[in-house]
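A.B. asks: The structure under discussion is supplied below as structure tokens; questions concerning it will follow.
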Amino acid sequence: MSSRTLKKGFTTGAAAAASVKAALISFFSKHPKSVEILFLTGEKKQIDIQAVRKTGENQYEAIVIKDAGDDPDITHKAQIGARVTLSDSNSLKINIIGGKGVGTITKPGLELPVGETAINPGPRTMIKNSVEDVFALFNIKNKGVDIEIFVPKGEILAKKTLNARLGILGGISILGTTGIVTPMSHEAYIATIKSSISVAAAKGMDTLVFTTGRRSERFAMEIFKSFDEEAFIQTGDFFKASLDMVEKSPEIQTIIYTVFFGKAVKMALGFEHTHAAKSELTLKKLSTWAFDTTKSRKLAKNIDNANTARHAFSYIYPDHPELITLVGKKIKETALKFSDHKLEIRIIILDFDGKTAFDSNYGKK
């Protein structure tokens with residue numbers, strides 16, 4: 001395993017703040033090649049500026065290339081720009097809006113109200129701090145500062161996200177709680193789960209369907225055809241974290257986890273984050289469970305020697321439903337523990353064709 005230190009990056013919010021700072025400095029000095037940004041953790045970082053140009057008598061725009069470090073996401077290497085216009089004013093007035101490629105909020109339940117530009121509170125704070133830094137540097141007291149954040153390919157990037165389901169239309173969100181992207185933190189994914197839960201709660205839903213990805217979600221939508229789209233939330237590997245976030249929305253009373261067998265075994269093992277589960281460990285434990293439930297040494301050996309959980313599943317399904325039932329029950333026990341027994345939990349395990357191999361509600365009236 002490499003001991004190389006993973007490189008941290010910066011969020012779209014930090015990129016927007018850097019663009020604003022570069023554009024604003026250009027009113028009073030030469031165009032900067034980089035600017036220092038104060039993150040909301042108190043850390044500082046120099047961020048390179050790709051371009052600055054004058055676009056009007058009292059207007060400059062700047063562009064930064066977003067760098068997610070060693071935890072790249074959809075916006076990694078995207079251009080994040082700011083167009084800044086100054087005007088006379090009796091006091092410092094900062095107005096922040098979204099331009100081309102930045103989404104607009106159309107559904108309740110997010111951090112910002114309906115109709116507002118999808119620039120989250122953290123980035124707004126960083127942008128305002130950047131303006132104040134520049135004004136302090138050049139001893140500027142009172143000005144009106146109109147800021148338009150834009151993302152040239154934002155509408156294209158947004159199609160690769162769940163923004164439309166959340167009611168964020170026309171582009172991406174400008175995100176970041178601290179400004180820093182820490183490798184393996186998956187901050188954007190966590191933010192999406194949190195926002196999805198909030199939107200569903202605001203719509204009055206009391207039951208959500210959690211899945212681990214697009215394919216399991218597609219099959220879940222076939223099972224629960226009467227559910228609104230907002231009820232389906234892709235939680236990825238974040239088993240415990242997604243349940244923790246539900247606690248902040250007491251309207252939600254029931255979670256239906258719909259998963260394929262590979263993830264199911266890792267969840268049954270009690271991993272809070274299923275990516276952390278090693279395949280060898282998963283299969284060895286599954287092999288033990290197989291012998292305990294079926295007393296078949298052949299089955300246990302086949303599972304132990306399997307290459308993947310999918311491979312193991314071919315030995316288990318459909319001949320050994322008792323083992324699948326054991327896995328399903330263990331997932332439910334873990335989910336109940338993670339949620340402090342405050343939620344109703346239903347577990348559905350799918351075979352790899354999307355058919356239901358286990359449903360914890362089977363036989364219930």
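Identifiers in the structure tokens: chain A, B, ... in order shown; residue index from 1 per chain; ligand index from 1 in order shown.
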Taking a cut-off of 12 Å and counting only C-alpha atoms, can you build a table that, for each residue of range 271-316 of chain A near range 335-359 of chain A, reports the nearest atom pair and how far apart they are in Å (one decimal), sorted by chain then residue number, as JSON lines?

C.D. replies:
{"residue": "A:Phe271", "atom": "CA", "partner": "A:Ala335", "partner_atom": "CA", "distance": 10.4}
{"residue": "A:Glu272", "atom": "CA", "partner": "A:Phe338", "partner_atom": "CA", "distance": 8.4}
{"residue": "A:His273", "atom": "CA", "partner": "A:Phe338", "partner_atom": "CA", "distance": 11.8}
{"residue": "A:Ala309", "atom": "CA", "partner": "A:Phe352", "partner_atom": "CA", "distance": 11.1}
{"residue": "A:Arg310", "atom": "CA", "partner": "A:Phe352", "partner_atom": "CA", "distance": 8.0}
{"residue": "A:His311", "atom": "CA", "partner": "A:Phe352", "partner_atom": "CA", "distance": 10.8}
{"residue": "A:Ala312", "atom": "CA", "partner": "A:Asp351", "partner_atom": "CA", "distance": 11.9}
{"residue": "A:Phe313", "atom": "CA", "partner": "A:Asp351", "partner_atom": "CA", "distance": 8.4}
{"residue": "A:Ser314", "atom": "CA", "partner": "A:Asp351", "partner_atom": "CA", "distance": 9.6}
{"residue": "A:Ile316", "atom": "CA", "partner": "A:Ala357", "partner_atom": "CA", "distance": 10.7}

A.B. asks: Need the shell around Val35 in chain A: protein/DNA/RNA residues with any atom at most 8 Å away, counting only C-alpha atoms. Skip same-chain ones fewer than 2 positions apart. Format as a ChimeraX atom specification?

C.D. replies: /A:18,21-22,32-33,37,46-49

A.B. asks: Counting only C-alpha atoms, give me one row per residue of range 162-209 of chain A with an atom at most 7 Å from an atom of range 102-122 of chain A, showing the shortest contact pair and its distance in Å to one decimal, sorted by chain then residue number, as JSON lines.

C.D. replies:
{"residue": "A:Leu166", "atom": "CA", "partner": "A:Lys107", "partner_atom": "CA", "distance": 6.9}
{"residue": "A:Gly167", "atom": "CA", "partner": "A:Thr106", "partner_atom": "CA", "distance": 4.9}
{"residue": "A:Ile168", "atom": "CA", "partner": "A:Ile105", "partner_atom": "CA", "distance": 4.6}
{"residue": "A:Leu169", "atom": "CA", "partner": "A:Gly103", "partner_atom": "CA", "distance": 4.9}
{"residue": "A:Gly170", "atom": "CA", "partner": "A:Gly103", "partner_atom": "CA", "distance": 4.5}
{"residue": "A:Gly171", "atom": "CA", "partner": "A:Gly103", "partner_atom": "CA", "distance": 4.0}
{"residue": "A:Ile172", "atom": "CA", "partner": "A:Val102", "partner_atom": "CA", "distance": 5.0}
{"residue": "A:Ser173", "atom": "CA", "partner": "A:Ala118", "partner_atom": "CA", "distance": 5.0}
{"residue": "A:Ile174", "atom": "CA", "partner": "A:Ile119", "partner_atom": "CA", "distance": 4.6}
{"residue": "A:Leu175", "atom": "CA", "partner": "A:Asn120", "partner_atom": "CA", "distance": 5.7}
{"residue": "A:Gly176", "atom": "CA", "partner": "A:Gly122", "partner_atom": "CA", "distance": 6.0}
{"residue": "A:Thr177", "atom": "CA", "partner": "A:Gly122", "partner_atom": "CA", "distance": 5.1}
{"residue": "A:Thr178", "atom": "CA", "partner": "A:Gly122", "partner_atom": "CA", "distance": 6.7}
{"residue": "A:Ser195", "atom": "CA", "partner": "A:Leu110", "partner_atom": "CA", "distance": 5.7}
{"residue": "A:Ser198", "atom": "CA", "partner": "A:Gly109", "partner_atom": "CA", "distance": 4.7}
{"residue": "A:Val199", "atom": "CA", "partner": "A:Gly109", "partner_atom": "CA", "distance": 4.2}
{"residue": "A:Ala202", "atom": "CA", "partner": "A:Gly109", "partner_atom": "CA", "distance": 5.0}

A.B. asks: Run DSSP on the backbone and tell me which residues of range 115-311 of chain A come out as alpha helix (DSSP H); list them as a ChimeraX atom specification.

C.D. replies: /A:121-137,154-158,163-166,187-202,214-223,239-246,261-268,279-294,297-304,309-311
